[in-house]
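Here the structure is laid out as structure tokens; the discussion comes afterwards.
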Amino acid sequence: MIKLHDLYFKPFISEKEIDVAIQRMVDEVAHDLKDEIPVFVGVLNGSFMFVSDFVKKYPKPCEVTFIKLASYEGVKSTEDIQRLIGLTQDLTGRTVVILEDIIDSGNTLEEIHRIFKNEKVNELKIATLFHKPEAYKKDFKLHYIGVNVPTKFIVGYGLDYDGLGRNLPEVYQLKTTQYMTNFVLFGPPGAGKGTQANFLKETYNLVHISTGDVFRHHIKNETALGMLAKSFMDKGELVPDQVTIDMLNAEVEKNTDANGFIFDGFPRTNAQAKALDELMDSKDSQINAMVALEVEDEVLVERLLGRGKTSGRPDDADEQIIRNRIKEYYEKTAILKDYYDAQGKYCGVNGVGSISDITDRLTQVIDKL
């Protein structure tokens with residue numbers, strides 16, 4: 001997710017997908033023109049990255065030039081097109097291939113056809129990296145199309161929002177829903193996740209989704225998902241990830257106006273983390289971070305033994321059981337650190353100190369998300 005001026009944009013077309021589309025277009029043009037030397041004409045400002053990458057891939061001799069048309073600079077309608085920078089060479093009898101970054105309504109394309117009709121070119125071909133077929137209202141033929149895109153606002157790879165975003169190597173799509181702060185809260189047994197989650201949900205007006213609480217709710221109320229989960233548990237089998245994801249989806253759907261979510265107890269594996277990413281993406285959102293409370297083992301053992309004296313929980317009273325739980329956390333759950341670290345989303349927080357000190361450290365991290 002990126003922010004340009006006042007708007008948020010989410011990833012849409014990757015750098016690799018763009019590269020593949022350009023290579024296909026290059027192959028098609030080279031095949032059609034054979035040994036002819038074309039003049040490639042880029043339309044500024046948006047096409048500069050496309051033209052550069054296209055020409056670098058083109059396997060045969062060619063010429064390159066640019067024109068600049070204004071349809072959005074100081075004019076209120078895309079029908080008011082101005083030719084700002086014209087051609088400086090004689091193109092009479094030449095084959096010209098227009099390299100456009102995007103074609104939507106086709107108004108700019110209409111002006112391009114008028115310009116090159118006066119230039120008396122032999123043949124005029126149109127190549128556009130991005131095309132919005134639902135918005136295209138003209139009858140001019142588009143000879144080469146890289147990627148068809150929906151009629152949504154996109155930025156990156158030459159396309160901008162109020163001057164920003166042209167330099168991005170991939171394309172982003174406008175995020176139309178409100179911005180949310182979503183993070184996964186991690187930590188070994190005794191790290192104080194529950195205590196901190198209560199503070200954080202109040203401070204940021206977030207919804208705390210504890211997988212354990214969600215399971216207990218569905219099973220107690222004998223919902224369809226609860227009964228399905230129980231059928232596996234009664235047989236001593238693990239509940240399938242999809243059942244858990246469906247439960248989390250139901251919780252997210254119940255809180256569509258939330259400022260965001262704290263996920264506690266899920267995911268526990270890379271597959272679950274990927275499934276959670278896909279769930280949030282389907283909601284036009286994302287997981288912003290894995291926030292992990294980091295506490296030394298001996299401190300954890302001391303905390304849990306102390307808690308066991310008042311909680312009555314047998315697993316908090318046996319030191320060997322405690323150490324096994326901590327070991328299991330590091331062996332199974334902590335591997336997710338690599339998953340989120342690879343996305344630049346891992347945030348380790350010192351979990352030792354007073355409750356208020358730890359909360360302050362957490363808020364410093366969350367305020368930056």
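In the structure tokens, each chain is lettered A, B, ... as it comes, each chain's residues begin at 1, and ligands are numbered from 1 in order of appearance.
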
Could you pull the residues within 10 Å of Lys152 of chain A, counting only C-alpha atoms, minus those fewer than 5 positions along the same chain, as a short mmCIF file (atom, residue, chain, number, x, y, z; two decimals) with C-alpha atoms, in the first residue's frame?
data_model
loop_
_atom_site.label_atom_id
_atom_site.label_comp_id
_atom_site.auth_asym_id
_atom_site.auth_seq_id
_atom_site.Cartn_x
_atom_site.Cartn_y
_atom_site.Cartn_z
CA LYS A 132 -9.50 0.50 -20.55
CA ALA A 135 -14.10 3.45 -21.28
CA GLN A 173 -4.85 0.94 -8.16
CA LEU A 174 -6.82 3.49 -6.15
CA LYS A 175 -8.05 2.08 -2.86
CA THR A 176 -11.69 3.11 -2.60
#

- Query: From the list A:Leu369, A:Ala191, A:Val41, A:Ile145, which residue is nearest Glu28 of chain A when using only C-alpha atoms?
  - Reply: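 Ranked by minimum distance to Glu28 of chain A, first place goes to A:Ile145.
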
- Gly351 of chain A surroundings by only C-alpha atoms, 12 Å radius, close-in-sequence under 3 positions cut, as number ranges by chain: A: 186-193, 195-196, 291-297, 299-300, 303, 348, 354-362

- Item | Shell around Ile18 of chain A at 9 Å using only C-alpha atoms, local window under 5 positions removed, as a PyMOL selection string | chain A and resi 13+23+129+146-147+157+169-171

For the residues selected in the previous step, produce a file with N, CA and C atoms as a PDB file, in the first residue's frame.
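Result written to selection.pdb:
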ATOM      1  N   ILE A  13      -0.526  -4.193 -10.771  1.00  0.00           N
ATOM      2  CA  ILE A  13       0.204  -4.912 -11.811  1.00  0.00           C
ATOM      3  C   ILE A  13       1.687  -4.867 -11.452  1.00  0.00           C
ATOM      4  N   GLN A  23       7.406  -7.265 -23.621  1.00  0.00           N
ATOM      5  CA  GLN A  23       8.137  -8.194 -24.486  1.00  0.00           C
ATOM      6  C   GLN A  23       7.210  -8.795 -25.531  1.00  0.00           C
ATOM      7  N   LEU A 129       0.263   0.333 -23.788  1.00  0.00           N
ATOM      8  CA  LEU A 129       0.600  -0.633 -22.748  1.00  0.00           C
ATOM      9  C   LEU A 129      -0.637  -0.997 -21.931  1.00  0.00           C
ATOM     10  N   GLY A 146      -1.079  -4.082 -24.443  1.00  0.00           N
ATOM     11  CA  GLY A 146      -0.332  -4.819 -23.435  1.00  0.00           C
ATOM     12  C   GLY A 146      -1.222  -5.474 -22.409  1.00  0.00           C
ATOM     13  N   VAL A 147      -1.982  -4.669 -21.680  1.00  0.00           N
ATOM     14  CA  VAL A 147      -2.823  -5.172 -20.597  1.00  0.00           C
ATOM     15  C   VAL A 147      -4.149  -4.426 -20.595  1.00  0.00           C
ATOM     16  N   TYR A 157       4.458   3.521 -13.246  1.00  0.00           N
ATOM     17  CA  TYR A 157       5.014   3.225 -14.558  1.00  0.00           C
ATOM     18  C   TYR A 157       4.606   4.288 -15.589  1.00  0.00           C
ATOM     19  N   PRO A 169       8.009   1.525 -10.468  1.00  0.00           N
ATOM     20  CA  PRO A 169       8.242   0.487 -11.481  1.00  0.00           C
ATOM     21  C   PRO A 169       7.067  -0.461 -11.669  1.00  0.00           C
ATOM     22  N   GLU A 170       6.052  -0.366 -10.797  1.00  0.00           N
ATOM     23  CA  GLU A 170       4.857  -1.186 -10.942  1.00  0.00           C
ATOM     24  C   GLU A 170       3.635  -0.273 -10.928  1.00  0.00           C
ATOM     25  N   VAL A 171       2.462  -0.878 -11.109  1.00  0.00           N
ATOM     26  CA  VAL A 171       1.233  -0.088 -11.185  1.00  0.00           C
ATOM     27  C   VAL A 171       0.381  -0.352  -9.949  1.00  0.00           C
TER      28      VAL A 171
END

- Message: Quick one: residues within 10 Å of segment 54-59 of chain A, only C-alpha atoms, excluding same-chain residues fewer than 6 positions away - as a count of residues only?
- Response: 12

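Reported to one decimal place, the separation of atom CA of Ile335 of chain A from atom CA of Val243 of chain A is 22.4 Å.
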
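Distance check against Met49 of chain A using only C-alpha atoms: of A:Leu109, A:Gly158, A:Glu251, A:Glu17, the minimum falls on A:Gly158.
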
- Calculate how many Å separate atom CA of His113 of chain A from atom CA of Leu142 of chain A, rounding to one decimal.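 Atom-to-atom, atom CA of His113 of chain A to atom CA of Leu142 of chain A, that is 11.8 Å.
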
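Of the residues under consideration (A:Leu304, A:Ala273, A:Leu4, A:Ile98), A:Ile98 shows the shortest atom-to-atom contact distance to Lys125 of chain A when counting only C-alpha atoms.
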
- Message: So that I can check the secondary structure, give me every residue of segment 38-178 of chain A assigned helix (DSSP H, G or I) by backbone DSSP, as a list of chain:residue names.
- Response: A:Phe48, A:Met49, A:Phe50, A:Val51, A:Ser52, A:Asp53, A:Phe54, A:Val55, A:Lys56, A:Lys57, A:Asn107, A:Thr108, A:Leu109, A:Glu110, A:Glu111, A:Ile112, A:His113, A:Arg114, A:Ile115, A:Phe116, A:Lys117, A:Asn118
